[in-house]
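Have a look at the structure below, then the notes.
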Amino acid sequence: MSENIPVEDIIYLDHHATTPMDPEVLEAMIPYFTDHFGNASSVDHLHGVDAGRAVANARSSIANLINAEAKEIIFTSGATESDNLAIFGLIPYEDVEGKHIITSEIEHKAILESCSYFAKLGGEVTYLPVNQHGIIDYEQLERSIQENTRLVTIFAANNEVGSIHDLSKIGEITRKHGVFFHTDAVQAIGRVKIDVRKDKIDMLSISAHKIYGPKGIGALFISKRSPRVYLTPILRGGGQEGNVRSGTLNVPGIVGFGKAAKLIKRDMKSMNTQFRDLQAYLWEKLKKRIPDLQLNGPPLETRLPQNLNLYIPGIESKSVIQMLSKRFSFSAGSACTTDVVKPSHVLMSMYGDENRAYQSIRIGLGKSNSREELDMFIDSLVKGYSLLQNMS
Ligand SMILES: Cc1ncc(COP(=O)(O)O)c(C=O)c1O
């Protein structure tokens, strides 16, 4: 990688990994690092009450985004923790034996690694396969529910190929069988309308840094309506967050998360229109100039508006990324696994083809991207493609 280039000069096309913080979010957060520094649990004085009020406001804004109630939102350090808490809060480590959970083969590692630990502790896990659009078979899901099934955890939208599940269909099935339904909605939030009541979702994970908020702050929605979810804490301490998640609240982070939630709710429609335009523009222009190019995952209309995952037959994605890295940031798969040279588990599950998995790139569009930037990217990718083709 070319470390000496100022990152500000590089066009960022990896918004599934993280997003830049919105300046309005930063502005909202700053006072909570300085003058308004109180501990939100210090109810005996005004510094604490002031911080507590800010947390309450943020909680409402986040709840609003998914049609939940503020008291159903628990703050965590991010979606990794939320995913862990959803699974091991519902089925504590010591109770895992004999319990069954259902998930999909193409979840984020925060779910997959938790599931593999669940199995190590003596639990049973069913990993549902997905079709070439990155979607589970809903009938197979229903058939997989057993007497001892406690939880179904299926993502709302995939972070690599942008596939989107029909959450209400899953909620219908899980409710019918009396099984809890958790969804990792990190990539879907602000892009797809989610209504926890209509979709019969019992738990839902989100993270601020994917919606132009700060890193290190996330939330878990835990339904308090019937069937009410009761979680055992995985962290023990001061009993914050209704005793479900101990630890001094990250007030500036929470305030930023709340602001980001408000902004994304306000801007969702216009941002999605912008992304759909850029997504179609990029795909059509590239396909014209590299006819061999193939789309991984669902067709444009049914995938996340900010996502493209492209198979460039014959060209290793690592070489393209390296060749273009002085001007563009994009990735070969999910960010959490980029330092491990392994084919993407998502593409492997969808296509079972290692070459395809090693020859694919992921583009995540963001609100600062423009057609002009994409023109530059297209030119560079086409040039890089020809060079690499000649070299091989
Ligand atoms: C679908 C999904 N789930 C969970 C996570 C983890 O989120 P966090 O970075 O907040 O721990 C990510 C981040 O890459 C993600 O894309």
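Identifiers in the structure tokens: chain A, B, ... in order shown; residue index from 1 per chain; ligand index from 1 in order shown.
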
Fill in: Test item: residues no farther than 8 Å from ligand 1, counting only C-alpha atoms and all ligand atoms, as number ranges by chain
A: 16-18, 77-83, 107-111, 155, 157-159, 184-187, 205-210, 215-218, 334-336

Worksheet item: How would you write, as a count of residues only, the set of residues in stretch 173-353 of chain A that DSSP gives as helix (DSSP H, G or I)?
Response: 68

Worksheet item: Do you know which residues are at most 9 Å from A:Asn57 counting only C-alpha atoms, after dropping those on the same chain fewer than 6 positions away, and could you put them as a ChimeraX atom specification?
Response: /A:70,255,258

Discussion item. My list of candidates is A:Val251, A:Ala357, A:Val341, A:Ile264. Which is closest to A:Pro31 when distances are computed with only C-alpha atoms?
Written reply: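 With only C-alpha atoms as the atom set, the closest residue is A:Val251.
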
Practice prompt. Kindly give the distance, in Å, that separates atom CA of A:Lys326 and atom CA of A:Ile211, rounded to a single decimal.
Written response: 25.6 Å

Worksheet entry | A:Ile135 environment, 7 Å, only C-alpha atoms, sequence neighbours closer than 4 positions dropped, as a PyMOL selection string | chain A and resi 130-131+163+165

Selection file, N, CA and C atoms, as a PDB file, in the first residue's frame:
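Wrote again_11.pdb, looks like this:
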ATOM      1  N   VAL A 130     -27.758 -20.265   1.222  1.00  0.00           N
ATOM      2  CA  VAL A 130     -28.472 -19.182   0.520  1.00  0.00           C
ATOM      3  C   VAL A 130     -28.423 -19.474  -0.978  1.00  0.00           C
ATOM      4  N   ASN A 131     -29.326 -18.850  -1.711  1.00  0.00           N
ATOM      5  CA  ASN A 131     -29.295 -19.005  -3.164  1.00  0.00           C
ATOM      6  C   ASN A 131     -28.285 -18.008  -3.756  1.00  0.00           C
ATOM      7  N   SER A 163     -27.601  -8.356  -0.310  1.00  0.00           N
ATOM      8  CA  SER A 163     -28.908  -9.019  -0.381  1.00  0.00           C
ATOM      9  C   SER A 163     -29.762  -8.609   0.820  1.00  0.00           C
ATOM     10  N   HIS A 165     -33.138  -9.487   3.191  1.00  0.00           N
ATOM     11  CA  HIS A 165     -34.145 -10.491   3.550  1.00  0.00           C
ATOM     12  C   HIS A 165     -35.520  -9.880   3.792  1.00  0.00           C
TER      13      HIS A 165
END

Practice prompt. Skip A:Asp199 itself and residues of its chain fewer than 2 positions away, then list as a list of chain:residue names all residues within 8 Å of it, counting only C-alpha atoms.
Written response: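 My reading of the contact set: A:Leu167, A:Ser168, A:Lys169, A:Ile170, A:Gly171, A:Glu172, A:Ile194, A:Asp195, A:Val196, A:Arg197, A:Ile201.
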
Item to complete: Fewer than 6 positions away in the same chain doesn't count, so skip those; otherwise give me all residues within 8 Å of A:Ile73, counting only C-alpha atoms, as JSON, numbers by chain.
Response: {"A": [59, 62, 63, 219, 220, 221, 222]}

Restrict the selected residues to C-alpha atoms and save them as a short mmCIF file (atom, residue, chain, number, x, y, z; two decimals), in the first residue's frame.
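To be explicit, this is the file written out as result-v4.cif:
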data_model
loop_
_atom_site.label_atom_id
_atom_site.label_comp_id
_atom_site.auth_asym_id
_atom_site.auth_seq_id
_atom_site.Cartn_x
_atom_site.Cartn_y
_atom_site.Cartn_z
CA ARG A 59 -32.43 6.58 22.75
CA ILE A 62 -32.79 5.45 17.61
CA ALA A 63 -36.03 3.77 18.71
CA ALA A 219 -27.34 -0.74 20.17
CA LEU A 220 -29.47 -3.79 20.67
CA PHE A 221 -33.24 -3.53 20.42
CA ILE A 222 -34.80 -5.95 22.92
#

Practice prompt. For A:Gly247, please output as a list in words all residues within 12 Å (counting only C-alpha atoms; exclusion window: fewer than 5 positions along the same chain).
Written response: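 Here the answer would be Asn39, Ala40, Ser41, Ile74, Phe75, Thr76, Ser77, Pro233, Ile234, Leu235, Arg236, Gly237, Gly238, Gly239, Gln240, Glu241 and Gly242 of chain A.
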
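With atom CA of A:Leu374 on one side and atom CA of A:Gly134 on the other, the separation reads 25.7 Å.
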
Discussion item. DSSP on the backbone: which residues in stretch 118-350 of chain A end up as strand (DSSP E or B)? Give the answer as a PyMOL selection string.
Written reply: chain A and resi 124-128+149-153+157+163-164+180-184+189+192+203-207+218-222+294-295+303+307-311+328-329+331

Any chance you could export the current selection's N, CA and C atoms as a tab-separated table (two decimals), in the first residue's frame?
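Dumped to selection.tsv:
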chain	number	residue	atom	x	y	z
A	124	GLU	N	-26.52	-26.68	19.45
A	124	GLU	CA	-26.69	-27.18	18.09
A	124	GLU	C	-26.99	-25.97	17.19
A	125	VAL	N	-26.32	-25.90	16.05
A	125	VAL	CA	-26.53	-24.76	15.15
A	125	VAL	C	-26.88	-25.27	13.76
A	126	THR	N	-27.92	-24.72	13.17
A	126	THR	CA	-28.23	-24.99	11.76
A	126	THR	C	-27.83	-23.77	10.95
A	127	TYR	N	-26.98	-23.98	9.95
A	127	TYR	CA	-26.57	-22.89	9.06
A	127	TYR	C	-27.35	-23.04	7.76
A	128	LEU	N	-28.27	-22.15	7.51
A	128	LEU	CA	-29.06	-22.26	6.28
A	128	LEU	C	-28.23	-21.79	5.09
A	149	THR	N	-35.42	-25.45	19.45
A	149	THR	CA	-34.93	-24.21	18.82
A	149	THR	C	-35.36	-23.02	19.69
A	150	ARG	N	-34.38	-22.19	20.05
A	150	ARG	CA	-34.70	-21.03	20.88
A	150	ARG	C	-34.62	-19.73	20.08
A	151	LEU	N	-33.75	-19.73	19.04
A	151	LEU	CA	-33.49	-18.46	18.37
A	151	LEU	C	-33.20	-18.66	16.89
A	152	VAL	N	-33.74	-17.74	16.08
A	152	VAL	CA	-33.36	-17.64	14.68
A	152	VAL	C	-32.66	-16.30	14.53
A	153	THR	N	-31.43	-16.32	14.03
A	153	THR	CA	-30.74	-15.04	13.79
A	153	THR	C	-30.32	-14.97	12.32
A	157	ALA	N	-29.64	-7.23	5.93
A	157	ALA	CA	-28.99	-7.00	4.63
A	157	ALA	C	-27.53	-7.42	4.75
A	163	SER	N	-27.60	-8.36	-0.31
A	163	SER	CA	-28.91	-9.02	-0.38
A	163	SER	C	-29.76	-8.61	0.82
A	164	ILE	N	-31.07	-8.55	0.59
A	164	ILE	CA	-31.99	-8.04	1.62
A	164	ILE	C	-33.04	-9.10	1.93
A	180	PHE	N	-37.67	-17.09	19.19
A	180	PHE	CA	-37.26	-15.68	19.10
A	180	PHE	C	-36.52	-15.39	17.79
A	181	PHE	N	-36.69	-14.15	17.32
A	181	PHE	CA	-36.09	-13.73	16.05
A	181	PHE	C	-35.18	-12.52	16.29
A	182	HIS	N	-33.88	-12.73	16.02
A	182	HIS	CA	-32.91	-11.62	16.07
A	182	HIS	C	-32.43	-11.34	14.65
A	183	THR	N	-32.24	-10.07	14.33
A	183	THR	CA	-31.66	-9.73	13.03
A	183	THR	C	-30.52	-8.73	13.20
A	184	ASP	N	-29.44	-8.97	12.46
A	184	ASP	CA	-28.33	-8.02	12.38
A	184	ASP	C	-28.69	-7.05	11.27
A	189	ILE	N	-30.01	-0.63	8.04
A	189	ILE	CA	-30.63	0.51	8.69
A	189	ILE	C	-30.39	1.81	7.90
A	192	VAL	N	-33.25	0.48	4.24
A	192	VAL	CA	-34.45	-0.33	4.08
A	192	VAL	C	-35.35	0.02	5.26
A	203	MET	N	-35.27	-9.04	18.55
A	203	MET	CA	-34.01	-8.35	18.86
A	203	MET	C	-33.37	-7.89	17.54
A	204	LEU	N	-32.68	-6.76	17.61
A	204	LEU	CA	-32.09	-6.21	16.38
A	204	LEU	C	-30.80	-5.45	16.74
A	205	SER	N	-29.74	-5.72	15.98
A	205	SER	CA	-28.44	-5.07	16.23
A	205	SER	C	-28.18	-3.95	15.23
A	206	ILE	N	-27.67	-2.83	15.72
A	206	ILE	CA	-27.24	-1.75	14.83
A	206	ILE	C	-25.96	-1.11	15.36
A	207	SER	N	-25.30	-0.36	14.48
A	207	SER	CA	-24.02	0.24	14.82
A	207	SER	C	-23.96	1.65	14.23
A	218	GLY	N	-22.92	1.11	19.62
A	218	GLY	CA	-23.97	0.36	18.91
A	218	GLY	C	-25.16	0.20	19.82
A	219	ALA	N	-26.14	-0.53	19.35
A	219	ALA	CA	-27.34	-0.74	20.17
A	219	ALA	C	-27.93	-2.10	19.87
A	220	LEU	N	-28.66	-2.59	20.87
A	220	LEU	CA	-29.47	-3.79	20.67
A	220	LEU	C	-30.90	-3.44	21.05
A	221	PHE	N	-31.81	-3.66	20.10
A	221	PHE	CA	-33.24	-3.53	20.42
A	221	PHE	C	-33.66	-4.85	21.07
A	222	ILE	N	-34.32	-4.75	22.21
A	222	ILE	CA	-34.80	-5.95	22.92
A	222	ILE	C	-36.28	-5.73	23.19
A	294	GLN	N	-19.22	-9.63	-14.13
A	294	GLN	CA	-20.50	-10.20	-13.66
A	294	GLN	C	-20.83	-9.66	-12.29
A	295	LEU	N	-22.13	-9.59	-12.06
A	295	LEU	CA	-22.60	-9.11	-10.76
A	295	LEU	C	-22.68	-10.30	-9.81
A	303	ARG	N	-31.11	-5.27	-4.48
A	303	ARG	CA	-29.99	-5.27	-3.53
A	303	ARG	C	-29.91	-3.91	-2.84
A	307	ASN	N	-24.71	-0.77	-2.73
A	307	ASN	CA	-23.78	-1.91	-2.91
A	307	ASN	C	-23.61	-2.38	-4.35
A	308	LEU	N	-22.37	-2.72	-4.68
A	308	LEU	CA	-22.08	-3.49	-5.90
A	308	LEU	C	-21.01	-4.50	-5.53
A	309	ASN	N	-21.15	-5.72	-6.01
A	309	ASN	CA	-20.11	-6.72	-5.81
A	309	ASN	C	-19.83	-7.32	-7.18
A	310	LEU	N	-18.60	-7.13	-7.66
A	310	LEU	CA	-18.30	-7.41	-9.06
A	310	LEU	C	-17.29	-8.53	-9.21
A	311	TYR	N	-17.63	-9.47	-10.05
A	311	TYR	CA	-16.71	-10.57	-10.39
A	311	TYR	C	-15.99	-10.19	-11.68
A	328	PHE	N	-8.02	5.10	-4.91
A	328	PHE	CA	-9.36	4.62	-4.51
A	328	PHE	C	-9.25	3.62	-3.37
A	329	SER	N	-10.19	3.71	-2.44
A	329	SER	CA	-10.29	2.69	-1.39
A	329	SER	C	-11.55	1.87	-1.61
A	331	SER	N	-12.79	-2.72	-1.42
A	331	SER	CA	-12.28	-3.93	-0.79
A	331	SER	C	-12.63	-5.20	-1.55

Discussion item. Restricting the calculation to only C-alpha atoms: of A:Asp353, A:Pro298, A:Leu282, A:Lys224, which residue gets closest to A:Leu13?
Written reply: A:Leu282

Worksheet item: Interatomic distance between atom CA of A:Asn272 and atom CA of A:Gln306?
Response: 7.7 Å
